[in-house]
file data_11.txt (compact mmCIF, C-alpha atoms)
# COMPACT_ATOMS: atom_id res chain seq x y z
CA MET A 284 -91.97 38.11 0.51
CA ARG A 285 -91.43 34.37 0.87
CA GLY A 286 -87.95 34.79 2.36
CA GLN A 287 -89.13 37.47 4.79
CA LEU A 288 -92.09 35.38 5.93
CA LEU A 289 -89.98 32.29 6.55
CA ALA A 290 -87.28 34.32 8.33
CA ARG A 291 -89.81 35.94 10.70
CA PHE A 292 -92.15 32.94 11.07
CA PRO A 293 -90.02 29.79 10.72
CA VAL A 294 -92.99 27.58 11.63
CA PHE A 295 -94.24 28.08 8.05
CA ALA A 296 -91.15 26.29 6.70
CA ASP A 297 -92.73 23.02 7.90
CA LEU A 298 -95.81 23.48 5.73
CA ALA A 299 -96.28 21.33 2.66
CA PRO A 300 -95.00 23.29 -0.37
CA ALA A 301 -98.47 23.51 -1.93
CA LEU A 302 -99.95 24.89 1.29
CA LEU A 303 -97.17 27.45 1.66
CA GLU A 304 -97.71 28.61 -1.93
CA ARG A 305 -101.44 28.94 -1.24
CA LEU A 306 -100.72 31.01 1.89
CA LEU A 307 -98.37 33.27 -0.07
CA GLY A 308 -100.88 33.55 -2.91
CA GLU A 309 -103.65 34.68 -0.55
CA ALA A 310 -101.45 37.03 1.49
CA GLN A 311 -102.20 40.71 1.06
CA PRO A 312 -99.07 42.67 1.98
CA VAL A 313 -99.78 46.10 3.46
CA ARG A 314 -97.27 48.88 3.94
CA ALA A 315 -98.47 51.34 6.55
CA PRO A 316 -96.69 54.62 7.29
CA LYS A 317 -96.01 55.61 10.89
CA GLY A 318 -99.23 56.74 12.56
CA SER A 319 -101.54 54.74 10.30
CA VAL A 320 -104.54 53.21 12.06
CA LEU A 321 -104.59 49.54 11.12
CA PHE A 322 -107.76 48.66 13.04
CA HIS A 323 -110.10 50.33 15.51
CA PRO A 324 -112.77 49.31 18.05
CA GLY A 325 -115.93 47.99 16.44
CA GLN A 326 -114.22 47.08 13.16
CA PRO A 327 -114.60 43.47 12.02
CA CYS A 328 -111.42 41.40 11.96
CA ARG A 329 -110.78 40.20 8.42
CA GLY A 330 -107.60 38.22 8.92
CA PHE A 331 -104.59 37.46 11.05
CA PRO A 332 -101.77 39.95 10.47
CA LEU A 333 -98.19 38.69 10.40
CA LEU A 334 -95.83 41.56 11.05
CA LEU A 335 -92.70 41.42 8.90
CA GLU A 336 -91.31 44.93 9.59
CA GLY A 337 -91.91 47.79 12.03
CA THR A 338 -93.97 47.83 15.21
CA VAL A 339 -97.66 48.18 16.01
CA ARG A 340 -99.08 49.67 19.21
CA VAL A 341 -102.34 48.08 20.38
CA SER A 342 -104.27 50.31 22.77
CA GLN A 343 -107.64 51.31 24.15
CA SER A 344 -108.93 54.74 25.07
CA SER A 345 -110.31 55.35 28.54
CA PRO A 346 -113.64 57.18 28.95
CA GLY A 347 -111.60 60.28 29.81
CA GLY A 348 -109.73 60.05 26.50
CA ARG A 349 -106.41 58.75 27.83
CA GLU A 350 -104.69 56.03 25.84
CA ILE A 351 -103.99 52.74 27.60
CA VAL A 352 -101.31 50.75 25.77
CA LEU A 353 -102.11 47.04 25.94
CA TYR A 354 -99.02 45.73 24.12
CA HIS A 355 -96.75 46.16 21.12
CA VAL A 356 -96.43 43.79 18.19
CA GLU A 357 -92.96 43.37 16.71
CA PRO A 358 -91.75 41.52 13.60
CA GLY A 359 -92.23 37.79 13.94
CA GLN A 360 -95.10 38.18 16.40
CA GLY A 361 -98.81 37.81 15.90
CA CYS A 362 -101.49 40.11 17.25
CA LEU A 363 -103.27 38.50 20.21
CA LEU A 364 -106.33 40.68 19.75
CA SER A 365 -106.69 39.64 16.10
CA GLY A 366 -106.44 35.98 17.04
CA GLY A 367 -109.10 36.38 19.71
CA CYS A 368 -111.40 38.26 17.36
CA LEU A 369 -111.07 35.60 14.67
CA LEU A 370 -111.63 32.71 17.06
CA GLY A 371 -114.53 34.44 18.80
CA ASP A 372 -116.03 35.85 15.60
CA SER A 373 -116.09 39.30 17.19
CA ASP A 374 -115.06 42.83 16.30
CA TYR A 375 -111.92 44.56 17.49
CA GLY A 376 -112.10 46.03 20.97
CA ALA A 377 -108.96 48.17 20.67
CA SER A 378 -106.93 50.15 18.14
CA GLY A 379 -103.78 49.13 16.29
CA VAL A 380 -101.49 51.93 15.10
CA ALA A 381 -98.26 51.60 13.11
CA GLU A 382 -95.43 52.99 15.24
CA THR A 383 -92.65 52.53 12.71
call {"tool": "encode", "arguments": {"input": "data_11.txt", "output": "structure tokens"}}
result
Amino acid sequence: MRGQLLARFPVFADLAPALLERLLGEAQPVRAPKGSVLFHPGQPCRGFPLLLEGTVRVSQSSPGGREIVLYHVEPGQGCLLSGGCLLGDSDYGASGVAET
């Protein structure tokens, strides 16, 4: 996982070795099949996901039930919604679904 993380997020290569090892030790890799709901509105945010493979669709549902796609997260990108939830100590306001 170390090689994949550094390849997708090169900023971590500048961390002190002990801090990088701590980050890797606390990381909880998750493999989610296509269609898996990763988070949904009202759910507390428990961490900042770093996508190494696949894509995630972040969307909201309109009152009429139509899906409104906000953005996609690709490998090497962070989820803006997760960052906002962590900084604001708030719950998710949208859904994240594994696309691939």
call {"tool": "atom_distance", "arguments": {"input": "data_11.txt", "atom1": "atom CA of Cys328 of chain A", "atom2": "atom CA of Gly366 of chain A"}}
result
8.9 Å
call {"tool": "residues_around", "arguments": {"input": "data_11.txt", "residues": "Arg314 of chain A", "least_positions_apart": "3", "cutoff": "12 Å", "atoms": "all atoms listed in the file", "output": "PDB file with C-alpha atoms, keeping the file's coordinate frame"}}
result
ATOM      1  CA  GLN A 311    -102.200  40.710   1.060  1.00  0.00           C
ATOM      2  CA  LYS A 317     -96.010  55.610  10.890  1.00  0.00           C
ATOM      3  CA  GLY A 318     -99.230  56.740  12.560  1.00  0.00           C
ATOM      4  CA  SER A 319    -101.540  54.740  10.300  1.00  0.00           C
ATOM      5  CA  VAL A 320    -104.540  53.210  12.060  1.00  0.00           C
ATOM      6  CA  LEU A 321    -104.590  49.540  11.120  1.00  0.00           C
ATOM      7  CA  PRO A 332    -101.770  39.950  10.470  1.00  0.00           C
ATOM      8  CA  LEU A 334     -95.830  41.560  11.050  1.00  0.00           C
ATOM      9  CA  LEU A 335     -92.700  41.420   8.900  1.00  0.00           C
ATOM     10  CA  GLU A 336     -91.310  44.930   9.590  1.00  0.00           C
ATOM     11  CA  GLY A 337     -91.910  47.790  12.030  1.00  0.00           C
ATOM     12  CA  THR A 338     -93.970  47.830  15.210  1.00  0.00           C
ATOM     13  CA  ALA A 381     -98.260  51.600  13.110  1.00  0.00           C
ATOM     14  CA  THR A 383     -92.650  52.530  12.710  1.00  0.00           C
TER      15      THR A 383
END
call {"tool": "closest_residue", "arguments": {"input": "data_11.txt", "among": "A:Gly348, A:Ser342, A:Ser365, A:Gly330", "to": "Glu309 of chain A", "atoms": "only C-alpha atoms"}}
result
A:Gly330
call {"tool": "closest_residue", "arguments": {"input": "data_11.txt", "among": "A:Pro293, A:Gly376, A:Pro327, A:Pro300", "to": "Gln360 of chain A", "atoms": "all atoms listed in the file"}}
result
A:Pro293
call {"tool": "closest_residue", "arguments": {"input": "data_11.txt", "among": "A:Val356, A:Leu303, A:Ser345, A:Val313", "to": "Leu289 of chain A", "atoms": "all atoms listed in the file"}}
result
A:Leu303
call {"tool": "residues_around", "arguments": {"input": "data_11.txt", "residues": "Val341 of chain A", "least_positions_apart": "5", "cutoff": "6 Å", "atoms": "only C-alpha atoms", "output": "ChimeraX atom specification"}}
result
/A:353-355,378-379
call {"tool": "closest_residue", "arguments": {"input": "data_11.txt", "among": "A:Ala315, A:Gly359, A:Phe322, A:Gln343", "to": "Asp374 of chain A", "atoms": "all atoms listed in the file"}}
result
A:Phe322
